[in-house]
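Asker: Contents of protein-v3.txt (compact mmCIF, C-alpha atoms):
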```txt
# COMPACT_ATOMS: atom_id res chain seq x y z
CA MET X 204 4.95 -0.18 -41.39
CA LYS X 205 5.40 -0.21 -37.61
CA GLU X 206 2.38 0.22 -35.41
CA LYS X 207 2.59 2.85 -32.73
CA LYS X 208 2.12 1.62 -29.22
CA PRO X 209 -0.73 3.35 -27.44
CA GLN X 210 0.43 5.72 -24.76
CA LEU X 211 -0.56 4.92 -21.23
CA SER X 212 -3.03 7.43 -19.93
CA SER X 213 -1.88 9.33 -16.91
CA GLN X 214 -3.96 9.25 -13.77
CA PRO X 215 -3.33 12.59 -12.08
CA ASN X 216 -6.17 12.11 -9.57
CA ASN X 217 -5.04 8.65 -8.45
CA PRO X 218 -2.52 8.99 -5.59
CA LEU X 219 -1.63 5.29 -5.90
CA HIS X 220 -0.77 5.49 -9.60
CA GLY X 221 2.76 4.21 -10.12
CA VAL X 222 3.19 3.04 -6.51
CA LYS X 223 4.00 -0.66 -6.21
CA LEU X 224 2.21 -2.78 -3.65
CA ALA X 225 5.58 -3.96 -2.33
CA ASP X 226 6.63 -0.34 -1.74
CA ILE X 227 3.37 0.39 0.07
CA LEU X 228 3.81 -2.63 2.32
CA GLU X 229 7.46 -1.87 3.09
CA TYR X 230 6.58 1.73 3.96
CA LEU X 231 3.78 0.67 6.30
CA VAL X 232 5.94 -1.91 8.05
CA GLU X 233 8.62 0.75 8.54
CA GLU X 234 6.11 3.27 9.90
CA TRP X 235 3.90 1.00 11.99
CA GLY X 236 5.49 -2.44 12.39
CA TRP X 237 3.79 -5.79 11.85
CA LYS X 238 2.16 -5.96 15.28
CA GLU X 239 0.40 -2.61 14.98
CA MET X 240 -0.59 -3.26 11.37
CA GLY X 241 -2.14 -6.57 12.43
CA ARG X 242 -4.08 -4.76 15.13
CA ILE X 243 -5.33 -2.02 12.79
CA ILE X 244 -5.98 -4.21 9.76
CA ASN X 245 -7.25 -7.63 10.83
CA ILE X 246 -5.35 -9.76 8.35
CA ARG X 247 -3.80 -13.02 9.53
CA CYS X 248 -0.69 -12.67 7.37
CA PHE X 249 0.19 -9.55 9.42
CA LYS X 250 -0.25 -11.41 12.71
CA ASN X 251 1.17 -14.92 12.25
CA ASP X 252 4.79 -15.12 11.12
CA PRO X 253 4.54 -11.99 8.94
CA SER X 254 6.79 -11.36 5.97
CA ILE X 255 6.72 -9.08 2.97
CA LYS X 256 6.68 -12.06 0.59
CA SER X 257 3.74 -13.89 2.19
CA SER X 258 1.78 -10.67 2.65
CA LEU X 259 2.27 -9.65 -0.99
CA LYS X 260 1.09 -13.06 -2.14
CA PHE X 261 -2.07 -12.76 -0.07
CA LEU X 262 -2.76 -9.11 -0.96
CA ARG X 263 -2.37 -9.73 -4.68
CA ARG X 264 -5.01 -12.48 -4.53
CA THR X 265 -7.41 -10.79 -2.11
CA GLU X 266 -8.92 -7.55 -3.37
CA TRP X 267 -10.67 -6.48 -0.15
CA ALA X 268 -7.46 -6.84 1.85
CA ARG X 269 -5.40 -4.96 -0.74
CA GLU X 270 -7.96 -2.15 -0.71
CA GLU X 271 -7.75 -1.89 3.08
CA VAL X 272 -3.95 -1.73 2.95
CA GLU X 273 -4.05 0.93 0.22
CA GLU X 274 -6.55 2.99 2.25
CA PHE X 275 -4.36 2.69 5.33
CA TYR X 276 -1.33 3.77 3.28
CA LEU X 277 -3.17 6.89 2.07
CA TYR X 278 -4.30 7.61 5.63
CA THR X 279 -0.71 7.30 6.86
CA LEU X 280 0.59 9.66 4.17
CA GLU X 281 -2.15 12.17 4.99
CA LYS X 282 -1.39 12.08 8.72
CA LYS X 283 2.33 12.48 8.05
CA ALA X 284 1.66 15.50 5.80
CA GLU X 285 -0.56 17.05 8.47
CA SER X 286 2.08 16.61 11.15
CA LYS X 287 4.68 18.30 8.93
CA LYS X 288 2.33 21.29 8.50
CA ASP X 289 2.06 21.61 12.27
CA ASP X 290 5.84 21.74 12.73
```
Could you spell out this file's structure in structure tokens?

Answerer:
Amino acid sequence: MKEKKPQLSSQPNNPLHGVKLADILEYLVEEWGWKEMGRIINIRCFKNDPSIKSSLKFLRRTEWAREEVEEFYLYTLEKKAESKKDD
């Protein structure tokens, strides 16, 4: 008899659920650029020879930095939504 795989619980209150870290980083670089991101979030990998690959490696290993980037992503989405309301 085959075992049923448990279903993944949905997280309706988690705005980051299903969003990949790589997608977050690419979005922020597109919106802000490396220089501005390095100014706002003081992370060396954003300031010295930045790349998606090196930043992902660092963010995956460093929880505090990943949390800051995720918070900044949510802030950016919120500000963009507010500006669309004003239009």

Asker: Quick one: everything within 12 Å of Pro253 of chain X, counting all atoms listed in the file, minus sequence neighbours fewer than 2 positions away in the same chain. Send it as a list in words.

Answerer: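 Returned residues: Leu228, Val232, Gly236, Trp237, Lys238, Glu239, Met240, Gly241, Ile246, Arg247, Cys248, Phe249, Lys250, Asn251, Ile255, Lys256, Ser257, Ser258, Leu259, Lys260 and Phe261 of chain X.
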
Asker: Please produce a file of the residues just selected, as a compact mmCIF listing (two decimals), keeping the file's coordinate frame, where the atoms kept are C-alpha atoms.

Answerer:
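Saved to again-v1.txt:
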```
# COMPACT_ATOMS: atom_id res chain seq x y z
CA LEU X 228 3.81 -2.63 2.32
CA VAL X 232 5.94 -1.91 8.05
CA GLY X 236 5.49 -2.44 12.39
CA TRP X 237 3.79 -5.79 11.85
CA LYS X 238 2.16 -5.96 15.28
CA GLU X 239 0.40 -2.61 14.98
CA MET X 240 -0.59 -3.26 11.37
CA GLY X 241 -2.14 -6.57 12.43
CA ILE X 246 -5.35 -9.76 8.35
CA ARG X 247 -3.80 -13.02 9.53
CA CYS X 248 -0.69 -12.67 7.37
CA PHE X 249 0.19 -9.55 9.42
CA LYS X 250 -0.25 -11.41 12.71
CA ASN X 251 1.17 -14.92 12.25
CA ILE X 255 6.72 -9.08 2.97
CA LYS X 256 6.68 -12.06 0.59
CA SER X 257 3.74 -13.89 2.19
CA SER X 258 1.78 -10.67 2.65
CA LEU X 259 2.27 -9.65 -0.99
CA LYS X 260 1.09 -13.06 -2.14
CA PHE X 261 -2.07 -12.76 -0.07
```

Asker: Extract, using all atoms listed in the file, all DNA, RNA and protein residues at most 10 Å from segment 218-222 of chain X, discarding same-chain residues fewer than 5 positions from it, and format them as a list of chain:residue names.

Answerer: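 So the residues in contact are X:Ser213, X:Ile227, X:Glu273, X:Glu274, X:Tyr276, X:Leu277.
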
Asker: Go ahead and compute the interatomic distance for atom CA of Leu231 of chain X and atom CA of Thr279 of chain X, in Å to one decimal.

Answerer: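 Interatomic distance here is 8.0 Å.
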
Asker: At what distance in Å, to one decimal, does atom CA of Glu266 of chain X lie from atom CA of Lys282 of chain X?

Answerer: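 One can read the atom CA of Lys282 of chain X to atom CA of Glu266 of chain X distance as 24.3 Å.
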